[in-house]
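Undergrad: Sharing a structure with you now.
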Amino acid sequence: MIETAPTLSEFFVAWDLFRDPSLTGALAGAMLGMMGIYVILRRMVFLAATVSQAASFGVAGAYFVGLGATGTLAPTLGALLMTFVTLYVIATDTSHEQHRRDALLGFVFLVCSAGTLLVGTRIAEEIQDIQTILFGTAVAVLPSDFRLMIILTIAIMALHIWGWRGFSAVSFDRAGAQVRGLPVRGLELGLFVGLGLGLAVSTRVLGAMPTFAFTVLPSLAAVNIAPNIRTGLMIAAAFGALSGFGGYVLAFLFEFPVGATQTALAATFTAVTWLFGHKH
Amino acid sequence: MKLTEPNNLVTPRLVCKDLQIGRAGKPLLPALNFEVRPGDVWVLIGRNGSGKSTLLQTLLGGLKPLSGSFDVEPSCKLAFVPQRETHDLCVPSRAWDMVESGVDRGWGFWRWGGRAQSVAKALDDVDASELAAEPYGHLSEGQKQRILMARALASEPDVILLDEPTSAMDPLAEQNIFGVIDELRDERALSVIIASHSLTVVPAIATHVAFLDRDQQLVLAGERSEVLSEPRFRAVYGNVLSPGEAE
């Protein structure tokens with residue numbers, strides 16, 4: 001019997017099965033794509049990589065101490081804990097020296113990468129789970145994770161759609177925003193808490209690699225073609241959603257790993273906009 | 001209110017009394033005393049590292065004074081025009097968007113719309129309406145400076161603070177910017193504070209000068225003619241300014 005390649009109609013026939021994971025990818029892509037505009041334009045790409053790696057370590061740590069099997073809450077809390085510990089360590093480094101900041105980020109990134117792999121060899125759920133955490137090879141998503149992603153995406157995107165002028169002002173004209181009486185510290189806090197939550201939950205549900213990819217690539221593509229920040233936010237969210245959903249569909253059709261396909265699709269959008277986008 | 005000369009009778013908008021500026025608890029200069037009134041154009045001059053930026057940051061609220069006070073009249077609104085180089089050209093923005101980003105004060109950024117009129121007026125005030133649709137990064141240095149000034153004007157301030165507004169600008173563009181500032185001062189009774197290391201600003205538009213010299217621990221602040229004729233100022237800049245300019 002000859003085995004034929006899966007088709008698009010088969011994907012939609014089995015929509016009940018694929019709905020949650022494909023839409024979770026789309027939601028994470030839209031949410032992180034939108035926030036990614038601030039990540040790349042504020043030169044925080046390495047911070048996003050480090051935070052998603054730290055969140056992976058938090059998930060692995062939760063499994064290691066035996067809480068992973070009890071439900072999805074403990075790994076999510078592990079991811080959140082490590083995310084905010086990392087953000088706190090970076091935020092309280094007052095040296096104002098770029099090389100020191102980079103070195104600190106590199107240190108945390110490597111410790112968390114090594115820690116995830118080391119802990120991974122000792123957890124009961126075996127190395128397959130670590131693959132899922134790191135590279136987003138998960139084909140299925142739990143209903144509770146899907147619901148969490150819907151709530152988080154709606155909350156964060158609403159905050160950013162409504163408050164983008166404030167986030168933009170503190171990001172690109174901080175002194176001007178301060179003198180005009182904008183709540184600069186509150187806006188910075190809102191931006192970083194939203195980013196931390198998004199990165200932690202997405203890493204927990206989809207894995208570190210697609211999370212990092214959604215944070216960087218759709219916004220890079222958007223900046224290449226957008227005339228302004230407002231349009232850039234919308235385009236980045238759209239590219240992110242397309243990468244998340246389209247990547248899942250392509251992974252099904254070509255039997256590729258999900259996270260890598262989502263990343264590759266997002267990278268394709270970026271490459272195309274680099275080639276054909278205008279320089280502003 | 002139309003101003004042709006500085007008005008010393010009206011209430012000051014900003015008052016610096018024995019203001020000691022510095023970083024990490026270390027004073028940079030002797031205490032400063034000056035008052036900024038409607039229509040005043042104060043130029044903070046001094047060499048690189050003289051303390052201009054620290055003073056500007058203190059006035060902007062980014063640094064706390066070490067001692068003394070810096071009071072702003074309660075109804076007075078401030079705006080800031082940073083150095084052009086501080087704007088990252090990777091941030092996508094048209095001239096209109098740049099100006100629009102300066103409209104909101106306080107929690108006004110939550111508002112959904114209603115900014116177009118302020119943006120159009122600010123662009124018109126600096127004669128840059130025709131640049132509205134241009135990408136900011138494509139503009140000349142003089143045009144960029146006008147757009148940044150329009151951004152500051154969009155929130156309808158009483159006082160604007162400018163950091164090196166004419167650096168890396170050709171003489172013609174420089175004169176154009178001076179003309180815009182002078183017009184705004186005259187028409188809106190705007191108070192202006194300019195930090196500059198270039199002396200050309202002083203004869204062009206200054207009504208008052210604050211000369212800062214960290215090396216000699218010297219601060220001279222007052223009306224332009226008083227400061228420029230001060231022997232200690234002339235000892236540093238006397239051969240740069242012609243006698244006519246000093247007067």
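All residue names refer to the structure tokens as shown: chains lettered A, B, ... in order, residues numbered from 1 in each chain, ligands numbered from 1 in order.
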Compile the residues of chain A that lie within 7 Å of chain B, evaluated using only C-alpha atoms, and express the compilation as a list in words.

TA: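 Here is what falls inside 7 Å: Leu41, Trp162, Gly163, Arg165, Gly166, Ala169, Gly176, Val179, Arg180, Gly181, Leu182, Pro183, Val223, Ala226, Pro227, Asn228, Ile229 and His280 of chain A.
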
Undergrad: Let me see the file: selected residues, C-alpha atoms, as a short mmCIF file (atom, residue, chain, number, x, y, z; two decimals), in the first residue's frame.

TA:
```cif
data_model
loop_
_atom_site.label_atom_id
_atom_site.label_comp_id
_atom_site.auth_asym_id
_atom_site.auth_seq_id
_atom_site.Cartn_x
_atom_site.Cartn_y
_atom_site.Cartn_z
CA LEU A 41 13.21 48.81 17.81
CA TRP A 162 -5.50 51.12 23.22
CA GLY A 163 -2.21 52.26 24.75
CA ARG A 165 0.77 55.79 21.83
CA GLY A 166 1.97 55.65 25.42
CA ALA A 169 6.26 57.52 23.52
CA GLY A 176 9.70 64.09 25.80
CA VAL A 179 8.30 66.27 30.41
CA ARG A 180 4.74 66.01 29.02
CA GLY A 181 3.67 64.19 32.17
CA LEU A 182 3.02 60.74 30.73
CA PRO A 183 3.18 57.96 33.38
CA VAL A 223 9.29 47.39 10.10
CA ALA A 226 5.36 49.87 7.48
CA PRO A 227 5.26 53.67 7.11
CA ASN A 228 4.73 54.18 10.84
CA ILE A 229 4.46 52.42 14.20
CA HIS A 280 12.43 54.56 5.47
#
```

Undergrad: Determine which residues of region 19-231 of chain B receive a DSSP assignment of strand (DSSP E), computed from the backbone, and state them as JSON, numbers by chain.

TA: {"B": [19, 20, 22, 23, 26, 27, 32, 33, 34, 35, 36, 41, 42, 43, 44, 45, 67, 68, 69, 70, 71, 72, 78, 79, 80, 81, 159, 160, 161, 162, 163, 191, 192, 193, 194, 195, 196, 208, 209, 210, 211, 212, 213, 218, 219, 220, 221, 222, 223]}

Undergrad: With N, CA and C atoms retained, could you export that selection as a short mmCIF file (atom, residue, chain, number, x, y, z; two decimals), in the first residue's frame?

TA:
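Final output, saved to again.cif:
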```cif
data_model
loop_
_atom_site.label_atom_id
_atom_site.label_comp_id
_atom_site.auth_asym_id
_atom_site.auth_seq_id
_atom_site.Cartn_x
_atom_site.Cartn_y
_atom_site.Cartn_z
N LEU B 19 19.88 76.58 42.78
CA LEU B 19 19.79 75.22 42.22
C LEU B 19 21.19 74.62 42.05
N GLN B 20 21.38 73.52 42.74
CA GLN B 20 22.67 72.84 42.64
C GLN B 20 22.46 71.56 41.83
N GLY B 22 24.05 68.13 39.67
CA GLY B 22 25.17 67.21 39.73
C GLY B 22 24.71 65.79 39.53
N ARG B 23 25.66 64.87 39.60
CA ARG B 23 25.33 63.44 39.44
C ARG B 23 25.94 62.67 40.60
N LYS B 26 27.39 64.40 43.61
CA LYS B 26 28.53 65.32 43.47
C LYS B 26 28.11 66.57 42.70
N PRO B 27 28.25 67.75 43.31
CA PRO B 27 27.87 68.98 42.60
C PRO B 27 28.78 69.22 41.41
N LEU B 32 22.82 77.79 40.90
CA LEU B 32 22.29 78.63 39.81
C LEU B 32 21.06 79.39 40.28
N ASN B 33 20.93 80.62 39.82
CA ASN B 33 19.72 81.40 40.09
C ASN B 33 19.28 82.05 38.79
N PHE B 34 18.08 81.72 38.34
CA PHE B 34 17.53 82.44 37.19
C PHE B 34 16.02 82.22 37.10
N GLU B 35 15.39 83.14 36.37
CA GLU B 35 13.94 83.07 36.18
C GLU B 35 13.63 83.15 34.69
N VAL B 36 12.68 82.34 34.26
CA VAL B 36 12.30 82.34 32.84
C VAL B 36 10.88 82.88 32.71
N VAL B 41 14.18 84.05 25.76
CA VAL B 41 14.94 82.97 25.11
C VAL B 41 16.26 82.84 25.86
N TRP B 42 16.34 81.81 26.68
CA TRP B 42 17.55 81.56 27.46
C TRP B 42 18.45 80.61 26.68
N VAL B 43 19.71 80.99 26.54
CA VAL B 43 20.67 80.09 25.90
C VAL B 43 21.68 79.64 26.95
N LEU B 44 21.78 78.33 27.14
CA LEU B 44 22.75 77.77 28.07
C LEU B 44 23.99 77.45 27.25
N ILE B 45 25.05 78.20 27.50
CA ILE B 45 26.25 77.94 26.70
C ILE B 45 27.41 77.52 27.58
N SER B 67 20.49 70.32 45.62
CA SER B 67 19.92 71.22 46.63
C SER B 67 19.28 72.40 45.92
N GLY B 68 18.65 73.27 46.67
CA GLY B 68 17.96 74.41 46.07
C GLY B 68 16.65 73.96 45.45
N SER B 69 16.04 74.84 44.67
CA SER B 69 14.73 74.49 44.13
C SER B 69 14.61 74.88 42.66
N PHE B 70 13.72 74.17 42.00
CA PHE B 70 13.40 74.44 40.60
C PHE B 70 11.88 74.38 40.52
N ASP B 71 11.25 75.54 40.47
CA ASP B 71 9.78 75.59 40.52
C ASP B 71 9.21 75.97 39.17
N VAL B 72 8.16 75.26 38.81
CA VAL B 72 7.45 75.54 37.56
C VAL B 72 6.07 76.06 37.94
N LEU B 78 5.45 72.21 29.76
CA LEU B 78 6.79 72.14 29.15
C LEU B 78 6.79 71.15 27.99
N ALA B 79 7.71 71.35 27.09
CA ALA B 79 7.95 70.36 26.02
C ALA B 79 9.43 70.36 25.70
N PHE B 80 9.89 69.27 25.13
CA PHE B 80 11.33 69.08 24.91
C PHE B 80 11.62 68.71 23.46
N VAL B 81 12.66 69.33 22.91
CA VAL B 81 13.13 68.98 21.57
C VAL B 81 14.52 68.36 21.73
N VAL B 159 6.62 76.55 27.58
CA VAL B 159 8.09 76.60 27.57
C VAL B 159 8.59 75.41 26.75
N ILE B 160 9.52 75.67 25.82
CA ILE B 160 10.15 74.52 25.17
C ILE B 160 11.65 74.55 25.44
N LEU B 161 12.17 73.36 25.66
CA LEU B 161 13.60 73.19 25.92
C LEU B 161 14.20 72.48 24.71
N LEU B 162 15.26 73.04 24.18
CA LEU B 162 15.89 72.45 22.98
C LEU B 162 17.34 72.10 23.27
N ASP B 163 17.73 70.90 22.85
CA ASP B 163 19.10 70.45 23.05
C ASP B 163 19.84 70.52 21.72
N SER B 191 8.26 80.71 25.96
CA SER B 191 9.59 80.79 26.58
C SER B 191 10.43 79.67 26.01
N VAL B 192 11.68 79.97 25.74
CA VAL B 192 12.56 78.99 25.09
C VAL B 192 13.85 78.86 25.90
N ILE B 193 14.26 77.61 26.11
CA ILE B 193 15.56 77.36 26.74
C ILE B 193 16.36 76.48 25.79
N ILE B 194 17.52 76.97 25.39
CA ILE B 194 18.33 76.25 24.40
C ILE B 194 19.68 75.91 25.00
N ALA B 195 20.03 74.64 24.95
CA ALA B 195 21.40 74.25 25.35
C ALA B 195 22.22 74.15 24.08
N SER B 196 23.33 74.86 24.05
CA SER B 196 24.14 74.85 22.82
C SER B 196 25.60 75.09 23.15
N HIS B 208 18.48 86.10 27.04
CA HIS B 208 19.23 85.84 28.26
C HIS B 208 20.25 84.74 28.01
N VAL B 209 21.30 84.76 28.81
CA VAL B 209 22.36 83.76 28.65
C VAL B 209 22.73 83.19 30.01
N ALA B 210 22.92 81.87 30.05
CA ALA B 210 23.53 81.25 31.23
C ALA B 210 24.82 80.60 30.76
N PHE B 211 25.92 81.15 31.21
CA PHE B 211 27.23 80.64 30.81
C PHE B 211 27.73 79.71 31.91
N LEU B 212 28.02 78.47 31.52
CA LEU B 212 28.44 77.46 32.49
C LEU B 212 29.88 77.05 32.21
N ASP B 213 30.71 77.04 33.24
CA ASP B 213 32.10 76.59 33.07
C ASP B 213 32.48 75.73 34.26
N LEU B 218 32.32 78.26 37.38
CA LEU B 218 31.74 79.58 37.13
C LEU B 218 30.36 79.46 36.50
N VAL B 219 29.42 80.23 37.03
CA VAL B 219 28.09 80.32 36.43
C VAL B 219 27.74 81.80 36.30
N LEU B 220 27.43 82.23 35.08
CA LEU B 220 26.97 83.61 34.87
C LEU B 220 25.60 83.54 34.21
N ALA B 221 24.59 84.06 34.87
CA ALA B 221 23.24 83.99 34.28
C ALA B 221 22.58 85.35 34.37
N GLY B 222 22.01 85.78 33.26
CA GLY B 222 21.33 87.07 33.26
C GLY B 222 20.99 87.51 31.86
N GLU B 223 20.68 88.80 31.72
CA GLU B 223 20.36 89.30 30.39
C GLU B 223 21.60 89.21 29.49
#
```

Undergrad: CA of Gly186 (chain A) and CA of Ala116 (chain B), how far apart in Å?

TA: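 Separation of CA of Ala116 (chain B) and CA of Gly186 (chain A): 26.5 Å.
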
Undergrad: So which one's closest to Leu28 (chain B), B:Leu66, B:Leu199, B:Ala168, B:Leu56? Using only C-alpha atoms, please.

TA: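 Between B:Leu66, B:Leu199, B:Ala168, B:Leu56, the residue approaching Leu28 (chain B) most closely is B:Leu66.
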
Undergrad: CA of Val51 (chain A) and CA of Thr86 (chain A), how far apart in Å?

TA: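 CA of Thr86 (chain A) sits 6.5 Å away from CA of Val51 (chain A).
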
Undergrad: For CA of Arg122 (chain A) and CA of Phe57 (chain A), determine how far apart the two atoms are, in Å to one decimal place.

TA: 13.2 Å

Undergrad: Give me the residues near Thr50 (chain A) as a ChimeraX atom specification, where near means some atom within 7 Å (using only C-alpha atoms) and where sequence neighbours in that chain fewer than 4 positions away do not count.

TA: /A:46,54,105,108-109

Undergrad: Quick one: pick out all alpha helix (DSSP H) residues within region 19-211 of chain B from a backbone DSSP run and write them as a PyMOL selection string.

TA: chain B and resi 52-60+95-100+116-125+141-153+171-188+201-205

Undergrad: So, counting only C-alpha atoms, which residue among A:Ala213, A:Ala237, A:Leu8, A:Leu220 is closest to Leu250 (chain A)?

TA: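 When distances to Leu250 (chain A) are compared using only C-alpha atoms, the smallest one comes from A:Leu8.
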
Undergrad: Could you give me, as a ChimeraX atom specification, the residues within 9 Å of Tyr237 (chain B), counting only C-alpha atoms and dropping anything in the same chain fewer than 4 positions from it?

TA: /B:199,228,232-233,241
